[in-house]
$ cat start08.txt   # compact mmCIF, C-alpha atoms and all ligand atoms
# COMPACT_ATOMS: atom_id res chain seq x y z
CA MET A 1450 -47.10 -61.24 -43.78
CA ARG A 1451 -47.23 -57.76 -45.40
CA LYS A 1452 -46.12 -57.78 -49.04
CA ARG A 1453 -43.09 -55.60 -49.66
CA LYS A 1454 -43.85 -52.42 -51.60
CA LEU A 1455 -42.33 -52.17 -55.06
CA VAL A 1456 -42.73 -48.78 -56.76
CA VAL A 1457 -42.02 -48.33 -60.47
CA LEU A 1458 -41.11 -44.86 -61.77
CA SER A 1459 -41.60 -45.12 -65.53
CA GLY A 1460 -40.99 -42.72 -68.40
CA ALA A 1461 -41.33 -42.58 -72.17
CA GLY A 1462 -38.63 -45.25 -72.62
CA ILE A 1463 -40.93 -48.04 -71.42
CA SER A 1464 -43.34 -47.22 -74.26
CA ALA A 1465 -40.59 -46.77 -76.89
CA GLU A 1466 -40.77 -50.43 -77.94
CA SER A 1467 -44.51 -50.04 -78.34
CA GLY A 1468 -43.73 -47.49 -81.06
CA LEU A 1469 -44.42 -44.31 -79.06
CA GLN A 1470 -41.74 -41.63 -79.41
CA THR A 1471 -39.63 -40.61 -76.42
CA PHE A 1472 -39.18 -36.90 -75.70
CA ARG A 1473 -35.44 -36.33 -75.90
CA GLY A 1474 -34.28 -38.64 -78.64
CA GLN A 1475 -31.22 -37.86 -80.79
CA ASP A 1476 -32.56 -34.54 -82.10
CA GLY A 1477 -34.13 -33.64 -78.74
CA LEU A 1478 -37.47 -33.16 -80.44
CA TRP A 1479 -40.79 -34.85 -79.80
CA GLU A 1480 -42.16 -35.89 -83.18
CA GLY A 1481 -40.36 -32.93 -84.76
CA HIS A 1482 -41.58 -30.36 -82.24
CA ARG A 1483 -39.79 -28.67 -79.37
CA VAL A 1484 -41.65 -30.02 -76.33
CA GLU A 1485 -42.01 -26.47 -74.97
CA ASP A 1486 -43.91 -25.46 -78.13
CA VAL A 1487 -46.58 -28.14 -77.87
CA ALA A 1488 -46.59 -28.99 -74.14
CA SER A 1489 -46.85 -25.60 -72.48
CA PRO A 1490 -49.58 -23.03 -71.67
CA GLU A 1491 -47.60 -20.54 -73.79
CA GLY A 1492 -47.75 -22.94 -76.76
CA TRP A 1493 -51.51 -23.33 -76.19
CA ALA A 1494 -51.99 -19.55 -75.98
CA ARG A 1495 -49.86 -19.04 -79.12
CA ASP A 1496 -51.56 -21.66 -81.27
CA ALA A 1497 -54.14 -23.88 -79.55
CA GLU A 1498 -55.15 -25.56 -82.81
CA ARG A 1499 -51.54 -26.68 -83.43
CA VAL A 1500 -51.37 -28.12 -79.92
CA GLN A 1501 -54.77 -29.80 -80.36
CA ARG A 1502 -53.64 -31.33 -83.68
CA PHE A 1503 -50.37 -32.49 -82.09
CA TYR A 1504 -52.15 -34.33 -79.27
CA ASN A 1505 -54.78 -35.74 -81.64
CA LEU A 1506 -51.93 -37.45 -83.54
CA ARG A 1507 -50.31 -38.64 -80.30
CA ARG A 1508 -53.71 -39.97 -79.09
CA ALA A 1509 -54.27 -41.93 -82.32
CA ALA A 1510 -50.74 -43.40 -82.03
CA CYS A 1511 -51.45 -44.33 -78.40
CA ARG A 1512 -54.63 -46.20 -79.37
CA GLN A 1513 -52.69 -48.07 -82.10
CA ALA A 1514 -49.87 -49.04 -79.73
CA GLN A 1515 -49.82 -52.25 -77.70
CA PRO A 1516 -48.23 -52.84 -74.28
CA ASN A 1517 -44.80 -54.46 -74.72
CA ALA A 1518 -42.97 -57.16 -72.72
CA GLY A 1519 -41.73 -54.44 -70.36
CA HIS A 1520 -45.25 -53.33 -69.36
CA LEU A 1521 -46.41 -56.94 -69.11
CA ALA A 1522 -43.46 -58.02 -66.94
CA LEU A 1523 -44.44 -55.41 -64.32
CA VAL A 1524 -47.87 -57.06 -64.00
CA GLU A 1525 -46.14 -60.38 -63.19
CA LEU A 1526 -44.82 -58.74 -60.00
CA GLU A 1527 -48.27 -58.14 -58.52
CA PRO A 1528 -48.68 -61.54 -56.78
CA TYR A 1529 -45.34 -61.01 -54.98
CA PHE A 1530 -45.28 -57.28 -54.19
CA ASP A 1531 -47.64 -54.42 -53.43
CA VAL A 1532 -46.89 -52.76 -56.79
CA TYR A 1533 -47.46 -49.08 -57.55
CA ILE A 1534 -46.75 -47.66 -61.01
CA VAL A 1535 -45.83 -43.97 -60.84
CA THR A 1536 -45.63 -42.98 -64.48
CA GLN A 1537 -44.71 -39.78 -66.31
CA ASN A 1538 -46.35 -41.27 -69.40
CA ILE A 1539 -49.71 -40.05 -70.67
CA ASP A 1540 -50.46 -43.26 -72.60
CA ASP A 1541 -52.64 -46.05 -71.17
CA LEU A 1542 -50.25 -48.94 -71.83
CA HIS A 1543 -49.71 -49.74 -68.13
CA GLU A 1544 -53.52 -49.94 -67.74
CA ARG A 1545 -53.91 -52.11 -70.84
CA ALA A 1546 -51.07 -54.40 -69.68
CA GLY A 1547 -53.09 -55.03 -66.50
CA SER A 1548 -51.27 -53.01 -63.82
CA LYS A 1549 -53.70 -52.04 -61.07
CA GLN A 1550 -52.30 -49.20 -58.93
CA ILE A 1551 -51.22 -46.47 -61.40
CA ILE A 1552 -50.44 -42.82 -60.65
CA HIS A 1553 -50.16 -40.55 -63.73
CA LEU A 1554 -47.92 -37.63 -62.75
CA HIS A 1555 -48.27 -35.81 -66.10
CA GLY A 1556 -51.91 -36.62 -66.93
CA GLU A 1557 -53.60 -38.91 -69.41
CA ILE A 1558 -53.85 -38.26 -73.16
CA LEU A 1559 -57.13 -40.19 -73.48
CA LYS A 1560 -58.83 -37.64 -71.22
CA SER A 1561 -59.69 -33.96 -71.70
CA GLN A 1562 -59.99 -31.14 -69.17
CA SER A 1563 -61.69 -27.78 -69.04
CA SER A 1564 -59.35 -24.91 -69.97
CA LYS A 1565 -61.06 -22.95 -67.16
CA ASP A 1566 -61.10 -25.52 -64.35
CA PRO A 1567 -58.46 -28.34 -64.46
CA LYS A 1568 -60.52 -30.34 -61.98
CA LEU A 1569 -63.19 -30.86 -64.69
CA VAL A 1570 -61.86 -33.96 -66.47
CA PHE A 1571 -63.66 -36.05 -69.14
CA ASP A 1572 -63.00 -39.22 -71.12
CA ILE A 1573 -62.39 -38.73 -74.84
CA SER A 1574 -64.29 -41.40 -76.79
CA GLY A 1575 -62.69 -40.93 -80.24
CA ASP A 1576 -59.19 -39.79 -81.16
CA THR A 1577 -59.69 -36.09 -81.66
CA LEU A 1578 -60.48 -33.03 -79.62
CA LYS A 1579 -61.85 -30.18 -81.75
CA MET A 1580 -61.75 -26.50 -80.90
CA THR A 1581 -65.54 -26.60 -80.93
CA ASP A 1582 -65.61 -29.18 -78.10
CA LEU A 1583 -66.48 -27.11 -75.06
CA CYS A 1584 -66.55 -27.89 -71.33
CA PRO A 1585 -69.74 -27.24 -69.26
CA LEU A 1586 -68.29 -23.81 -68.37
CA GLY A 1587 -68.02 -22.98 -72.07
CA SER A 1588 -64.21 -23.19 -72.34
CA VAL A 1589 -62.39 -25.22 -75.01
CA LEU A 1590 -61.60 -28.75 -73.87
CA ARG A 1591 -57.79 -29.30 -73.84
CA PRO A 1592 -55.78 -32.50 -73.34
CA HIS A 1593 -55.70 -33.66 -69.69
CA VAL A 1594 -51.91 -33.34 -69.70
CA VAL A 1595 -49.62 -31.48 -67.27
CA TRP A 1596 -47.66 -28.96 -69.37
CA PHE A 1597 -44.34 -27.34 -68.56
CA GLY A 1598 -44.77 -24.79 -65.79
CA GLU A 1599 -48.07 -26.26 -64.58
CA ALA A 1600 -48.72 -27.83 -61.18
CA VAL A 1601 -48.24 -31.59 -60.81
CA PRO A 1602 -51.33 -32.46 -58.69
CA MET A 1603 -50.38 -36.11 -58.12
CA MET A 1604 -46.86 -35.32 -56.86
CA GLN A 1605 -47.79 -35.48 -53.16
CA VAL A 1606 -49.52 -38.85 -53.56
CA ALA A 1607 -46.53 -40.16 -55.54
CA SER A 1608 -44.00 -38.92 -52.96
CA LYS A 1609 -45.91 -40.66 -50.16
CA VAL A 1610 -45.97 -43.95 -52.09
CA VAL A 1611 -42.23 -43.71 -52.90
CA SER A 1612 -41.41 -42.84 -49.28
CA GLU A 1613 -42.75 -46.30 -48.29
CA ALA A 1614 -41.00 -48.27 -51.06
CA ASP A 1615 -38.85 -51.31 -50.32
CA ILE A 1616 -37.74 -51.38 -53.97
CA LEU A 1617 -37.81 -48.47 -56.47
CA LEU A 1618 -37.60 -49.64 -60.08
CA VAL A 1619 -36.84 -46.70 -62.44
CA VAL A 1620 -37.52 -47.54 -66.10
CA GLY A 1621 -37.17 -45.47 -69.27
CA THR A 1622 -36.81 -41.96 -67.92
CA SER A 1623 -33.97 -39.48 -68.46
CA LEU A 1624 -34.76 -38.01 -65.00
CA GLN A 1625 -34.49 -34.51 -66.52
CA VAL A 1626 -37.94 -33.20 -65.67
CA TYR A 1627 -38.86 -31.96 -62.20
CA PRO A 1628 -40.45 -32.47 -59.79
CA ALA A 1629 -40.84 -36.09 -61.06
CA ALA A 1630 -37.07 -36.67 -61.11
CA ASN A 1631 -36.88 -35.77 -57.40
CA LEU A 1632 -38.84 -38.90 -56.54
CA ILE A 1633 -35.62 -40.92 -56.66
CA TYR A 1634 -34.58 -39.03 -53.48
CA ALA A 1635 -37.89 -39.66 -51.70
CA VAL A 1636 -37.12 -43.32 -50.97
CA PRO A 1637 -36.51 -44.58 -47.41
CA HIS A 1638 -32.82 -45.26 -46.69
CA HIS A 1639 -33.27 -49.09 -46.79
CA CYS A 1640 -34.92 -48.97 -50.23
CA GLU A 1641 -33.15 -50.77 -53.08
CA ILE A 1642 -33.01 -48.66 -56.28
CA ILE A 1643 -32.78 -50.37 -59.67
CA VAL A 1644 -32.56 -48.38 -62.94
CA VAL A 1645 -33.29 -49.91 -66.37
CA ASP A 1646 -32.30 -47.82 -69.40
CA PRO A 1647 -30.06 -48.49 -72.44
CA GLN A 1648 -28.37 -45.11 -71.76
CA VAL A 1649 -28.14 -45.65 -68.01
CA ASP A 1650 -24.56 -44.30 -68.04
CA ASN A 1651 -25.90 -40.86 -69.04
CA LEU A 1652 -27.96 -40.67 -65.85
CA ARG A 1653 -24.90 -40.26 -63.59
CA LEU A 1654 -26.51 -42.16 -60.72
CA HIS A 1655 -25.28 -42.74 -57.18
CA HIS A 1656 -22.99 -45.81 -57.01
CA ARG A 1657 -25.38 -47.71 -54.70
CA VAL A 1658 -28.03 -47.67 -57.45
CA ARG A 1659 -28.18 -50.94 -59.38
CA GLN A 1660 -27.92 -49.99 -63.07
CA ILE A 1661 -29.08 -52.24 -65.92
CA ALA A 1662 -28.10 -50.94 -69.39
CA ALA A 1663 -30.75 -52.67 -71.50
CA PRO A 1664 -34.14 -52.03 -73.12
CA ALA A 1665 -37.16 -52.54 -70.86
CA SER A 1666 -38.56 -55.42 -72.91
CA VAL A 1667 -35.30 -57.38 -72.41
CA ALA A 1668 -34.33 -56.39 -68.88
CA LEU A 1669 -37.72 -56.44 -67.12
CA PRO A 1670 -38.78 -60.03 -67.86
CA LYS A 1671 -35.38 -61.22 -66.54
CA LEU A 1672 -35.50 -58.93 -63.50
CA ILE A 1673 -39.04 -60.02 -62.62
CA LYS A 1674 -37.94 -63.69 -62.48
CA GLU A 1675 -35.17 -62.72 -60.05
CA LEU A 1676 -37.40 -60.50 -57.88
CA ALA A 1677 -40.33 -62.91 -57.80
CA LYS A 1678 -38.24 -65.63 -56.07
N1 LIG B 1701 -36.21 -49.22 -72.65
C1 LIG B 1701 -35.90 -48.47 -71.56
N2 LIG B 1701 -35.52 -47.16 -71.64
C2 LIG B 1701 -35.45 -46.62 -72.87
C3 LIG B 1701 -35.76 -47.33 -74.06
C4 LIG B 1701 -36.15 -48.69 -73.91
N3 LIG B 1701 -36.46 -49.45 -74.98
N4 LIG B 1701 -35.61 -46.50 -75.13
C5 LIG B 1701 -35.20 -45.30 -74.62
N5 LIG B 1701 -35.10 -45.37 -73.27
C6 LIG B 1701 -34.71 -44.31 -72.33
C7 LIG B 1701 -33.81 -43.23 -72.91
O1 LIG B 1701 -32.46 -43.64 -72.84
C8 LIG B 1701 -34.10 -42.07 -71.97
O2 LIG B 1701 -33.26 -42.09 -70.82
O3 LIG B 1701 -35.88 -43.65 -71.94
C9 LIG B 1701 -35.54 -42.33 -71.51
C10 LIG B 1701 -36.54 -41.38 -72.14
O4 LIG B 1701 -36.27 -40.10 -71.66
P1 LIG B 1701 -37.22 -38.88 -72.13
O5 LIG B 1701 -37.43 -38.94 -73.60
O6 LIG B 1701 -36.65 -37.64 -71.51
O7 LIG B 1701 -38.64 -39.21 -71.46
P2 LIG B 1701 -39.08 -38.94 -69.97
O8 LIG B 1701 -37.94 -39.06 -69.02
O9 LIG B 1701 -40.28 -39.79 -69.73
O10 LIG B 1701 -39.55 -37.40 -70.01
C11 LIG B 1701 -40.13 -36.89 -68.81
O11 LIG B 1701 -40.65 -34.85 -69.95
O12 LIG B 1701 -41.47 -33.89 -71.87
C12 LIG B 1701 -41.76 -34.18 -70.55
O13 LIG B 1701 -43.88 -34.58 -69.63
C13 LIG B 1701 -42.94 -35.12 -70.51
O14 LIG B 1701 -43.29 -37.05 -69.12
C14 LIG B 1701 -42.34 -36.40 -69.94
C15 LIG B 1701 -41.18 -35.88 -69.14

$ encode --input "start08.txt" --output "structure tokens"
Amino acid sequence: MRKRKLVVLSGAGISAESGLQTFRGQDGLWEGHRVEDVASPEGWARDAERVQRFYNLRRAACRQAQPNAGHLALVELEPYFDVYIVTQNIDDLHERAGSKQIIHLHGEILKSQSSKDPKLVFDISGDTLKMTDLCPLGSVLRPHVVWFGEAVPMMQVASKVVSEADILLVVGTSLQVYPAANLIYAVPHHCEIIVVDPQVDNLRLHHRVRQIAAPASVALPKLIKELAK
């Protein structure tokens, strides 16, 4: 019997309890910076070293962080469902929790890419990228992160996966960034949608969406027990 497909759409909120900052907290800043200043080609063109420093700090924080009960609960689903994690997060906490099928829509902070050819992607062994680290084409290596205004190469793959979902579990995303936020409309009509977020009321969701106003580390372990029956 085919396992039902359960797709998770996760955002910064699932990593919040691992100590990694979300993007649009109270002050709407990301670690004191306007996201557009440090996560955009314009920001890179204006001051590449500032952007490099910013991501070096984020990368060190990512390596220090541990997966939390929310990440781990999603792994518990794998014996019961064909689970895909479509994440907007650039950390590797889903990987380290043990999830297997992960699609990073906005890139991965532990990897670098050529500033000339985005298809040239490399692992970063330490925490820092320096301006003297060059790609084989001689360009400065930048974080392998999708910045505002850039193409989202994995969007087509993610849309296809979501279009076959029996359950879509949305966790820790304000659904304010496109095209990722459009994925919630890519589900088949029979698909059950569940949203987990302490501020779920702010998301103004369709009434048929099941809304759980709680942190991921509290809501997901409970939800997994219910779904795994
Ligand atoms: N558990 C679940 N959700 C939480 C928790 C928690 N413990 N803490 C906060 N949240 C929720 C917030 O209420 C908010 O709705 O997580 C969401 C985080 O929203 P954002 O900070 O906007 O993060 P995200 O939606 O992932 O941003 C999308 O924007 O800056 C770009 O590329 C960046 O991938 C990012 C994209």

$ residues_near_point --input "start08.txt" --point "(-42.4, -46.1, -74.0)" --cutoff "12 Å" --atoms "all atoms listed in the file" --output "ChimeraX atom specification"
/A:1459-1472,1474,1510-1511,1514-1520,1536-1543,1620-1622,1646,1664-1666

$ atom_distance --input "start08.txt" --atom1 "atom CA of Leu1521 of chain A" --atom2 "atom CA of Ala1635 of chain A"
26.0 Å

$ axis_aligned_box --input "start08.txt" --around "ligand LIG 1701 (chain B)" --padding-each-side "4 Å" --output "lines of an AutoDock Vina configuration file"
center_x = -38.2
center_y = -41.7
center_z = -72.0
size_x = 19.4
size_y = 23.6
size_z = 14.3

$ closest_residue --input "start08.txt" --among "A:Ile1551, A:Val1619, A:Val1645, A:Val1500" --to "Lys1579 of chain A" --atoms "only C-alpha atoms"
A:Val1500

$ residues_around --input "start08.txt" --residues "segment 1586-1599 of chain A" --least-positions-apart "5" --cutoff "7 Å" --atoms "only C-alpha atoms" --output "CSV table (one decimal) with C-alpha atoms, in the coordinates of the input"
chain,number,residue,atom,x,y,z
A,1485,GLU,CA,-42.0,-26.5,-75.0
A,1488,ALA,CA,-46.6,-29.0,-74.1
A,1489,SER,CA,-46.8,-25.6,-72.5
A,1490,PRO,CA,-49.6,-23.0,-71.7
A,1555,HIS,CA,-48.3,-35.8,-66.1
A,1556,GLY,CA,-51.9,-36.6,-66.9
A,1557,GLU,CA,-53.6,-38.9,-69.4
A,1558,ILE,CA,-53.8,-38.3,-73.2
A,1560,LYS,CA,-58.8,-37.6,-71.2
A,1561,SER,CA,-59.7,-34.0,-71.7
A,1562,GLN,CA,-60.0,-31.1,-69.2
A,1563,SER,CA,-61.7,-27.8,-69.0
A,1564,SER,CA,-59.4,-24.9,-70.0
A,1565,LYS,CA,-61.1,-23.0,-67.2
A,1570,VAL,CA,-61.9,-34.0,-66.5
A,1580,MET,CA,-61.8,-26.5,-80.9
A,1581,THR,CA,-65.5,-26.6,-80.9

$ closest_residue --input "start08.txt" --among "A:Thr1577, A:Leu1523, A:Lys1549, A:Ser1623" --to "Pro1670 of chain A" --atoms "only C-alpha atoms"
A:Leu1523

$ residues_around --input "start08.txt" --residues "segment 1451-1458 of chain A" --least-positions-apart "4" --cutoff "7 Å" --atoms "all atoms listed in the file" --output "PyMOL selection string"
chain A and resi 1529-1536+1611+1614-1620

$ closest_residue --input "start08.txt" --among "A:Arg1502, A:Lys1609, A:Arg1653, A:Arg1659" --to "ligand LIG 1701 (chain B)" --atoms "only C-alpha atoms and all ligand atoms"
A:Arg1653

$ residues_around --input "start08.txt" --residues "Leu1559 of chain A" --least-positions-apart "3" --cutoff "7 Å" --atoms "all atoms listed in the file" --output "list in words"
Arg1508, Asp1572 and Ile1573 of chain A

$ closest_residue --input "start08.txt" --among "A:Leu1652, A:Leu1554, A:Ala1494, A:Ala1663" --to "Gln1625 of chain A" --atoms "only C-alpha atoms"
A:Leu1652

$ closest_residue --input "start08.txt" --among "A:Ala1600, A:Val1487, A:Ala1607, A:Leu1654" --to "Asn1505 of chain A" --atoms "only C-alpha atoms"
A:Val1487

$ decode --input "start08.txt" --residues "segment 1519-1538 of chain A" --atoms "N, CA and C atoms" --output "compact mmCIF listing (two decimals), in the first residue's frame"
# COMPACT_ATOMS: atom_id res chain seq x y z
N GLY A 1519 10.95 20.01 17.69
CA GLY A 1519 10.13 20.19 16.47
C GLY A 1519 10.77 19.47 15.28
N HIS A 1520 12.06 19.72 15.06
CA HIS A 1520 12.77 19.04 13.96
C HIS A 1520 12.71 17.52 14.16
N LEU A 1521 12.95 17.09 15.39
CA LEU A 1521 13.04 15.65 15.68
C LEU A 1521 11.69 14.96 15.50
N ALA A 1522 10.61 15.68 15.84
CA ALA A 1522 9.27 15.07 15.71
C ALA A 1522 8.98 14.75 14.24
N LEU A 1523 9.44 15.62 13.34
CA LEU A 1523 9.18 15.39 11.90
C LEU A 1523 9.83 14.10 11.42
N VAL A 1524 10.95 13.73 12.04
CA VAL A 1524 11.65 12.49 11.63
C VAL A 1524 10.81 11.27 12.05
N GLU A 1525 10.08 11.42 13.16
CA GLU A 1525 9.23 10.31 13.66
C GLU A 1525 8.12 9.95 12.67
N LEU A 1526 7.85 10.88 11.73
CA LEU A 1526 6.76 10.62 10.77
C LEU A 1526 7.20 9.69 9.65
N GLU A 1527 8.52 9.52 9.47
CA GLU A 1527 9.01 8.88 8.25
C GLU A 1527 8.58 7.42 8.09
N PRO A 1528 8.41 6.66 9.20
CA PRO A 1528 7.92 5.28 9.00
C PRO A 1528 6.47 5.22 8.51
N TYR A 1529 5.71 6.32 8.73
CA TYR A 1529 4.27 6.27 8.43
C TYR A 1529 3.88 7.00 7.14
N PHE A 1530 4.75 7.96 6.74
CA PHE A 1530 4.42 8.77 5.56
C PHE A 1530 5.66 8.88 4.66
N ASP A 1531 5.39 9.18 3.39
CA ASP A 1531 6.48 9.57 2.49
C ASP A 1531 6.68 11.07 2.76
N VAL A 1532 7.69 11.40 3.57
CA VAL A 1532 7.83 12.77 4.09
C VAL A 1532 8.83 13.58 3.26
N TYR A 1533 8.38 14.75 2.80
CA TYR A 1533 9.30 15.70 2.16
C TYR A 1533 9.33 16.96 3.01
N ILE A 1534 10.55 17.47 3.25
CA ILE A 1534 10.69 18.74 3.97
C ILE A 1534 11.04 19.80 2.94
N VAL A 1535 10.12 20.73 2.69
CA VAL A 1535 10.43 21.88 1.84
C VAL A 1535 10.69 23.03 2.79
N THR A 1536 11.97 23.44 2.88
CA THR A 1536 12.28 24.45 3.89
C THR A 1536 12.77 25.75 3.26
N GLN A 1537 12.42 26.86 3.88
CA GLN A 1537 12.95 28.17 3.49
C GLN A 1537 14.22 28.45 4.30
N ASN A 1538 14.53 27.56 5.23
CA ASN A 1538 15.67 27.80 6.12
C ASN A 1538 16.98 27.43 5.45
